[in-house]
$ cat entry17.tsv   # TSV, C-alpha atoms
chain	number	residue	atom	x	y	z
K	8	MET	CA	-34.36	-42.87	-1.94
K	9	ALA	CA	-34.13	-41.46	-5.46
K	10	VAL	CA	-35.74	-38.20	-4.34
K	11	VAL	CA	-33.19	-37.79	-1.56
K	12	GLY	CA	-30.36	-38.38	-4.03
K	13	VAL	CA	-31.75	-35.78	-6.43
K	14	VAL	CA	-32.18	-33.23	-3.62
K	15	VAL	CA	-28.62	-33.76	-2.37
K	16	CYS	CA	-27.28	-33.52	-5.91
K	17	GLY	CA	-29.21	-30.30	-6.55
K	18	PHE	CA	-28.00	-28.75	-3.31
K	19	ALA	CA	-24.36	-29.59	-4.06
K	20	ILE	CA	-24.52	-28.23	-7.62
K	21	GLY	CA	-26.40	-25.11	-6.53
K	22	MET	CA	-23.89	-24.32	-3.80
K	23	ALA	CA	-20.99	-24.85	-6.20
K	24	ALA	CA	-22.56	-22.49	-8.76
K	25	LEU	CA	-23.28	-19.89	-6.08
K	26	LEU	CA	-19.70	-20.00	-4.78
K	27	ASP	CA	-18.38	-19.69	-8.34
K	28	TYR	CA	-20.58	-16.61	-8.91
K	29	PHE	CA	-19.40	-14.81	-5.78
K	30	LYS	CA	-15.81	-15.74	-6.57
K	31	TYR	CA	-16.17	-14.31	-10.08
K	32	ARG	CA	-17.80	-11.12	-8.83
K	33	ALA	CA	-15.04	-10.51	-6.27
K	34	THR	CA	-12.38	-11.19	-8.90
K	35	ALA	CA	-14.09	-8.88	-11.42
K	36	GLU	CA	-14.25	-6.07	-8.87
K	37	ARG	CA	-10.53	-6.44	-8.10
K	38	ILE	CA	-9.70	-6.37	-11.80
K	39	VAL	CA	-11.73	-3.18	-12.29
K	40	GLU	CA	-10.03	-1.54	-9.30
K	41	ARG	CA	-6.52	-2.44	-10.49
K	42	ARG	CA	-7.33	-1.35	-14.04
K	43	LEU	CA	-8.47	2.08	-12.86
K	44	GLN	CA	-5.60	2.37	-10.39
K	45	PHE	CA	-3.18	1.82	-13.27
K	46	VAL	CA	-4.79	4.71	-15.15
K	47	GLY	CA	-4.70	6.83	-11.99
K	48	ASN	CA	-1.02	6.10	-11.41
K	49	SER	CA	-0.27	7.20	-14.97
K	50	ILE	CA	-2.02	10.52	-14.34
K	51	GLU	CA	-0.21	10.86	-11.01
K	52	ASN	CA	3.14	10.54	-12.79
K	53	SER	CA	2.10	13.35	-15.14
K	54	ILE	CA	1.14	15.55	-12.19
K	55	GLN	CA	4.44	14.86	-10.43
K	56	SER	CA	6.33	15.77	-13.60
K	57	SER	CA	4.58	19.16	-13.62
K	58	LEU	CA	5.30	19.68	-9.93
K	59	ALA	CA	8.96	18.85	-10.51
K	60	ILE	CA	9.39	21.85	-12.82
K	61	GLY	CA	7.81	24.21	-10.32
K	62	ILE	CA	4.16	24.35	-11.44
K	63	GLN	CA	1.69	24.69	-8.60
K	64	PHE	CA	-0.77	21.86	-8.06
K	65	ALA	CA	-3.78	24.09	-8.75
K	66	GLU	CA	-2.22	25.63	-11.87
K	67	ILE	CA	-1.36	22.67	-14.11
K	68	GLY	CA	-2.80	23.87	-17.43
K	69	THR	CA	-2.34	20.59	-19.32
K	70	LEU	CA	-3.94	18.39	-16.68
K	71	THR	CA	-7.52	18.77	-17.94
K	72	SER	CA	-6.58	17.58	-21.43
K	73	THR	CA	-4.66	14.67	-19.88
K	74	LEU	CA	-7.73	13.66	-17.90
K	75	GLU	CA	-9.97	13.86	-20.96
K	76	ARG	CA	-7.54	11.76	-22.99
K	77	GLU	CA	-7.36	9.05	-20.35
K	78	ARG	CA	-11.14	8.94	-20.05
K	79	ALA	CA	-11.51	8.60	-23.82
K	80	ASN	CA	-9.10	5.65	-23.83
K	81	ASP	CA	-11.19	3.58	-21.39
K	82	ASP	CA	-14.95	3.24	-21.95
K	83	LEU	CA	-15.42	2.01	-18.38
K	84	ILE	CA	-14.47	5.43	-17.00
K	85	LEU	CA	-17.35	7.90	-16.73
K	86	GLY	CA	-15.21	10.79	-15.54
K	87	ILE	CA	-12.07	11.78	-13.67
K	88	ASP	CA	-11.91	14.36	-10.87
K	89	VAL	CA	-8.97	15.83	-8.98
K	90	PHE	CA	-9.49	17.52	-5.61
K	91	ASP	CA	-7.27	18.80	-2.81
K	92	ASN	CA	-7.14	17.70	0.83
K	93	ASP	CA	-9.88	20.17	1.76
K	94	GLY	CA	-12.31	18.63	-0.69
K	95	ARG	CA	-12.10	21.46	-3.23
K	96	LEU	CA	-12.51	20.19	-6.78
K	97	LEU	CA	-9.65	21.50	-8.94
K	98	TYR	CA	-9.92	19.56	-12.20
K	99	SER	CA	-12.60	17.44	-13.84
K	100	THR	CA	-13.42	15.96	-17.21
K	101	ASP	CA	-16.95	17.32	-16.66
K	102	ARG	CA	-16.71	21.10	-16.36
K	103	GLY	CA	-20.11	21.32	-14.70
K	104	ARG	CA	-18.80	19.40	-11.69
K	105	LEU	CA	-16.23	22.07	-10.80
K	106	SER	CA	-18.91	24.07	-9.02
K	107	GLN	CA	-20.19	21.05	-7.09
K	108	PRO	CA	-18.82	19.72	-3.80
K	109	VAL	CA	-16.86	16.50	-3.69
K	110	ALA	CA	-18.96	13.50	-2.64
K	111	ALA	CA	-18.83	13.05	1.12
K	112	GLY	CA	-18.10	9.32	0.72
K	113	TRP	CA	-15.08	10.08	-1.47
K	114	LEU	CA	-13.69	12.63	0.94
K	115	ALA	CA	-14.15	10.33	3.94
K	116	ALA	CA	-12.49	7.40	2.12
K	117	ALA	CA	-9.61	9.60	0.93
K	118	ARG	CA	-8.93	10.98	4.41
K	119	LYS	CA	-9.11	7.53	5.92
K	120	ALA	CA	-6.71	6.11	3.33
K	121	GLY	CA	-4.12	8.82	3.86
K	122	SER	CA	-1.36	8.19	1.33
K	123	SER	CA	-2.86	4.90	0.09
K	124	ASP	CA	-5.26	4.26	-2.75
K	125	TRP	CA	-8.93	3.99	-1.89
K	126	THR	CA	-12.21	2.69	-3.32
K	127	VAL	CA	-15.84	3.69	-2.83
K	128	HIS	CA	-18.44	1.08	-3.81
K	129	ASP	CA	-21.45	3.38	-3.48
K	130	PRO	CA	-23.76	2.44	-6.41
K	131	ALA	CA	-24.70	6.11	-6.85
K	132	GLN	CA	-21.11	7.39	-7.14
K	133	PRO	CA	-18.60	4.52	-7.29
K	134	ALA	CA	-14.99	5.57	-7.68
K	135	VAL	CA	-11.43	4.32	-7.44
K	136	GLY	CA	-9.14	6.87	-5.84
K	137	VAL	CA	-5.41	7.50	-6.01
K	138	SER	CA	-3.62	9.65	-3.46
K	139	LEU	CA	-1.43	12.32	-5.02
K	140	GLN	CA	1.88	13.11	-3.38
K	141	ASN	CA	4.62	15.61	-4.02
K	142	HIS	CA	8.34	14.87	-4.10
K	143	PHE	CA	8.51	15.21	-0.31
K	144	GLY	CA	6.03	12.35	0.19
K	145	LEU	CA	3.25	14.66	1.36
K	146	THR	CA	-0.31	14.03	0.18
K	147	ILE	CA	-1.49	17.12	-1.70
K	148	GLY	CA	-4.75	15.81	-3.10
K	149	HIS	CA	-6.61	12.89	-4.59
K	150	LEU	CA	-7.60	11.61	-8.00
K	151	ALA	CA	-11.03	9.97	-8.35
K	152	LEU	CA	-11.91	7.83	-11.34
K	153	ARG	CA	-15.65	7.42	-11.66
K	154	TYR	CA	-16.78	4.22	-13.36
K	155	SER	CA	-20.05	2.64	-14.46
K	156	HIS	CA	-21.37	0.52	-11.61
K	157	ALA	CA	-24.31	-0.58	-13.77
K	158	ARG	CA	-21.96	-1.91	-16.43
K	159	VAL	CA	-19.94	-3.93	-13.91
K	160	GLN	CA	-23.12	-5.33	-12.37
K	161	ALA	CA	-24.57	-6.16	-15.80
K	162	ALA	CA	-21.45	-8.17	-16.63
K	163	ALA	CA	-21.68	-9.98	-13.28
K	164	PHE	CA	-25.38	-10.76	-13.83
K	165	ALA	CA	-24.64	-12.10	-17.31
K	166	VAL	CA	-22.04	-14.47	-15.87
K	167	GLY	CA	-24.43	-15.42	-13.07
K	168	ARG	CA	-27.15	-16.25	-15.59
K	169	GLU	CA	-24.72	-18.38	-17.58
K	170	LEU	CA	-23.62	-20.19	-14.42
K	171	ALA	CA	-27.24	-20.82	-13.47
K	172	LEU	CA	-28.04	-22.31	-16.89
K	173	ASN	CA	-24.93	-24.48	-16.79
K	174	ALA	CA	-25.72	-25.59	-13.25
K	175	LEU	CA	-29.27	-26.50	-14.31
K	176	ALA	CA	-27.96	-28.60	-17.21
K	177	VAL	CA	-25.46	-30.35	-14.93
K	178	PHE	CA	-28.19	-30.93	-12.34
K	179	VAL	CA	-30.52	-32.54	-14.88
K	180	ALA	CA	-27.76	-34.78	-16.24
K	181	ALA	CA	-26.46	-35.69	-12.77
K	182	SER	CA	-29.98	-36.40	-11.47
K	183	LEU	CA	-30.70	-38.67	-14.40
K	184	LEU	CA	-27.44	-40.57	-13.99
K	185	ALA	CA	-27.89	-40.80	-10.21
K	186	THR	CA	-31.43	-42.11	-10.62
K	187	LEU	CA	-30.33	-44.73	-13.15
K	188	ALA	CA	-27.34	-45.78	-11.03
K	189	LEU	CA	-29.42	-45.97	-7.86
K	190	GLY	CA	-32.08	-47.99	-9.68
K	191	ALA	CA	-29.46	-50.46	-10.91
K	192	VAL	CA	-28.01	-50.82	-7.42
K	193	MET	CA	-31.41	-51.31	-5.82
K	194	ARG	CA	-32.40	-53.92	-8.42
K	195	GLY	CA	-29.16	-55.81	-7.75
K	196	LEU	CA	-29.78	-55.69	-4.02
K	197	GLU	CA	-33.35	-56.88	-4.47
K	198	ARG	CA	-32.16	-59.85	-6.54
K	199	GLU	CA	-29.58	-60.84	-3.93
K	200	LEU	CA	-32.00	-60.43	-1.06
K	201	GLY	CA	-34.57	-62.43	-3.00
K	202	ALA	CA	-32.10	-65.28	-3.52
K	203	VAL	CA	-31.20	-65.34	0.17
K	204	GLU	CA	-34.86	-65.13	1.18
K	205	ASP	CA	-35.83	-68.03	-1.11
K	206	ALA	CA	-32.99	-70.14	0.30
K	207	LEU	CA	-34.00	-69.37	3.90
K	208	ARG	CA	-37.64	-70.12	3.19
K	209	GLY	CA	-36.62	-73.43	1.65
K	210	GLY	CA	-34.63	-74.27	4.78
K	211	ASP	CA	-31.39	-74.59	2.83
K	212	ALA	CA	-28.87	-72.79	5.06
K	213	ALA	CA	-25.92	-73.73	2.85
K	214	LEU	CA	-27.60	-72.24	-0.22
K	215	ALA	CA	-28.45	-69.08	1.72
K	216	THR	CA	-24.86	-68.76	2.85
K	217	ALA	CA	-23.59	-69.30	-0.70
K	218	ALA	CA	-26.00	-66.69	-2.05
K	219	ALA	CA	-24.85	-64.22	0.58
K	220	ARG	CA	-21.24	-64.57	-0.54
K	221	ARG	CA	-21.90	-63.12	-4.00
K	222	GLY	CA	-22.33	-59.53	-5.13
K	223	PRO	CA	-21.30	-56.15	-3.73
K	224	PHE	CA	-23.49	-56.60	-0.64
K	225	ALA	CA	-21.89	-59.89	0.38
K	226	ALA	CA	-20.70	-58.70	3.79
K	227	LEU	CA	-24.10	-57.28	4.75
K	228	LEU	CA	-25.94	-60.32	3.47
K	229	ARG	CA	-23.64	-62.71	5.34
K	230	ARG	CA	-24.29	-60.80	8.52
K	231	PHE	CA	-28.02	-60.93	7.79
K	232	VAL	CA	-27.90	-64.71	7.19
K	233	GLU	CA	-25.85	-65.28	10.33
K	234	THR	CA	-28.32	-63.22	12.35
K	235	VAL	CA	-31.28	-65.17	10.92
K	236	ARG	CA	-29.58	-68.50	11.59
K	237	ALA	CA	-28.74	-67.46	15.15
K	238	ALA	CA	-32.36	-66.41	15.69
K	239	GLU	CA	-33.58	-69.74	14.30
K	240	GLY	CA	-31.21	-71.60	16.64
K	241	GLN	CA	-32.50	-69.66	19.63
K	242	ILE	CA	-36.10	-70.31	18.61
K	243	LEU	CA	-35.38	-74.04	18.19
K	244	ASP	CA	-33.67	-74.18	21.58
K	245	LEU	CA	-36.63	-72.40	23.18
K	246	ARG	CA	-39.09	-74.80	21.61
K	247	THR	CA	-37.05	-77.78	22.80
K	248	ARG	CA	-36.99	-76.47	26.35
K	249	LEU	CA	-40.70	-75.76	26.26
K	250	HIS	CA	-41.34	-79.22	24.92
K	251	ARG	CA	-39.39	-80.71	27.85
K	252	GLY	CA	-41.41	-78.67	30.28
K	253	ALA	CA	-38.46	-76.49	31.28
K	254	ARG	CA	-39.02	-72.89	32.23
K	255	PRO	CA	-37.39	-70.48	29.83

$ encode --input "entry17.tsv" --output "structure tokens"
Amino acid sequence: MAVVGVVVCGFAIGMAALLDYFKYRATAERIVERRLQFVGNSIENSIQSSLAIGIQFAEIGTLTSTLERERANDDLILGIDVFDNDGRLLYSTDRGRLSQPVAAGWLAAARKAGSSDWTVHDPAQPAVGVSLQNHFGLTIGHLALRYSHARVQAAAFAVGRELALNALAVFVAASLLATLALGAVMRGLERELGAVEDALRGGDAALATAAARRGPFAALLRRFVETVRAAEGQILDLRTRLHRGARP
């Protein structure tokens, strides 16, 4: 009985800790996405200001310094890239990337999103993207903010480890309390059953009934006593009929 209680307790605590971990990880990912989208929207406003004064999208001379400044302000950001609808990289905080093609996953996510923001969770090249539009509402390109997937996962694993340790401590405490409580209940039940059993063995039905009326198991014990007394009555009736030579 105690083992079953401990197993059930462990299962319940483990499931609760697991649900808390997945809930935290999903919340952390949303926070990261919104944080980077806020940075991306700030850069988008700067781009739109340049477009408003007649500068071509591919000729914004101050954009590279703006990207570098925004990356320096947030240590989660590994780099920021800007590319057009054809997948041609126009600006980047890493000059060496300008000669490289845009990641296929980014381009597919950007085209699928249209004028909406997008996210790529690829561990190799995770990014949060912001669609760039001109004053006519037309999408002219996309902004990709690359972030450290390993850092986000490390934070999630740290929280998961802490949850596991806390769950283990709660499990040990709950198991101990459950075992003690179950032991106390079982000892009380044994005492009450023993009192009823002694009364029945002594043939004192009134004492058995009185014993069955006390304690938290009174209803069950009364039913038990009534069943025993009914069985005794049937046995006595059967013996009487046998004694008289009647057929049962």

$ closest_residue --input "entry17.tsv" --among "K:Leu97, K:Ile38, K:Ala180, K:Ala134" --to "Tyr154 (chain K)" --atoms "all atoms listed in the file"
K:Ala134

$ residues_around --input "entry17.tsv" --residues "Ile50 (chain K)" --least-positions-apart "6" --cutoff "10 Å" --atoms "all atoms listed in the file" --output "list in words"
Gln44, Ser56, Leu70, Thr73, Leu74, Glu77, Val137, Leu139 and Leu150 of chain K

$ atom_distance --input "entry17.tsv" --atom1 "CA of Leu96 (chain K)" --atom2 "CA of Ile67 (chain K)"
13.6 Å

$ atom_distance --input "entry17.tsv" --atom1 "CA of Ser99 (chain K)" --atom2 "CA of Ala162 (chain K)"
27.2 Å

$ residues_around --input "entry17.tsv" --residues "Arg78 (chain K)" --least-positions-apart "2" --cutoff "10 Å" --atoms "only C-alpha atoms" --output "mmCIF file with C-alpha atoms, keeping the file's coordinate frame"
data_model
loop_
_atom_site.group_PDB
_atom_site.id
_atom_site.type_symbol
_atom_site.label_atom_id
_atom_site.label_comp_id
_atom_site.auth_asym_id
_atom_site.auth_seq_id
_atom_site.Cartn_x
_atom_site.Cartn_y
_atom_site.Cartn_z
ATOM 1 C CA VAL K 46 -4.790 4.710 -15.150
ATOM 2 C CA SER K 72 -6.580 17.580 -21.430
ATOM 3 C CA THR K 73 -4.660 14.670 -19.880
ATOM 4 C CA LEU K 74 -7.730 13.660 -17.900
ATOM 5 C CA GLU K 75 -9.970 13.860 -20.960
ATOM 6 C CA ARG K 76 -7.540 11.760 -22.990
ATOM 7 C CA ASN K 80 -9.100 5.650 -23.830
ATOM 8 C CA ASP K 81 -11.190 3.580 -21.390
ATOM 9 C CA ASP K 82 -14.950 3.240 -21.950
ATOM 10 C CA LEU K 83 -15.420 2.010 -18.380
ATOM 11 C CA ILE K 84 -14.470 5.430 -17.000
ATOM 12 C CA LEU K 85 -17.350 7.900 -16.730
ATOM 13 C CA GLY K 86 -15.210 10.790 -15.540
ATOM 14 C CA ILE K 87 -12.070 11.780 -13.670
ATOM 15 C CA THR K 100 -13.420 15.960 -17.210
ATOM 16 C CA LEU K 152 -11.910 7.830 -11.340
ATOM 17 C CA ARG K 153 -15.650 7.420 -11.660
ATOM 18 C CA TYR K 154 -16.780 4.220 -13.360
#

$ closest_residue --input "entry17.tsv" --among "K:Ala191, K:Phe64, K:Thr234, K:Asp27" --to "Ala171 (chain K)" --atoms "only C-alpha atoms"
K:Asp27

$ atom_distance --input "entry17.tsv" --atom1 "CA of Gln132 (chain K)" --atom2 "CA of Asp88 (chain K)"
12.1 Å

$ residues_around --input "entry17.tsv" --residues "Asp124 (chain K)" --least-positions-apart "2" --cutoff "8 Å" --atoms "only C-alpha atoms" --output "mmCIF file with C-alpha atoms, in the coordinates of the input"
data_model
loop_
_atom_site.group_PDB
_atom_site.id
_atom_site.type_symbol
_atom_site.label_atom_id
_atom_site.label_comp_id
_atom_site.auth_asym_id
_atom_site.auth_seq_id
_atom_site.Cartn_x
_atom_site.Cartn_y
_atom_site.Cartn_z
ATOM 1 C CA GLN K 44 -5.600 2.370 -10.390
ATOM 2 C CA ALA K 117 -9.610 9.600 0.930
ATOM 3 C CA ALA K 120 -6.710 6.110 3.330
ATOM 4 C CA SER K 122 -1.360 8.190 1.330
ATOM 5 C CA THR K 126 -12.210 2.690 -3.320
ATOM 6 C CA VAL K 135 -11.430 4.320 -7.440
ATOM 7 C CA GLY K 136 -9.140 6.870 -5.840
ATOM 8 C CA VAL K 137 -5.410 7.500 -6.010
ATOM 9 C CA SER K 138 -3.620 9.650 -3.460
#

$ residues_around --input "entry17.tsv" --residues "Gly94 (chain K)" --least-positions-apart "2" --cutoff "12 Å" --atoms "only C-alpha atoms" --output "list of chain:residue names"
K:Asp88, K:Val89, K:Phe90, K:Asp91, K:Asn92, K:Leu96, K:Leu97, K:Tyr98, K:Leu105, K:Ser106, K:Gln107, K:Pro108, K:Val109, K:Ala110, K:Ala111, K:Gly112, K:Trp113, K:Leu114, K:Ala115, K:Ala116, K:Ala117, K:Arg118, K:Ile147, K:Gly148, K:His149, K:Leu150, K:Ala151

$ residues_around --input "entry17.tsv" --residues "Gly21 (chain K)" --least-positions-apart "5" --cutoff "10 Å" --atoms "only C-alpha atoms" --output "PyMOL selection string"
chain K and resi 15-16+26-27+170-171+174-175+177-178

$ residues_near_point --input "entry17.tsv" --point "(-13.4, -2.6, -9.2)" --cutoff "9 Å" --atoms "all atoms listed in the file" --output "ChimeraX atom specification"
/K:33-43,126,128,134-135,154,156,159
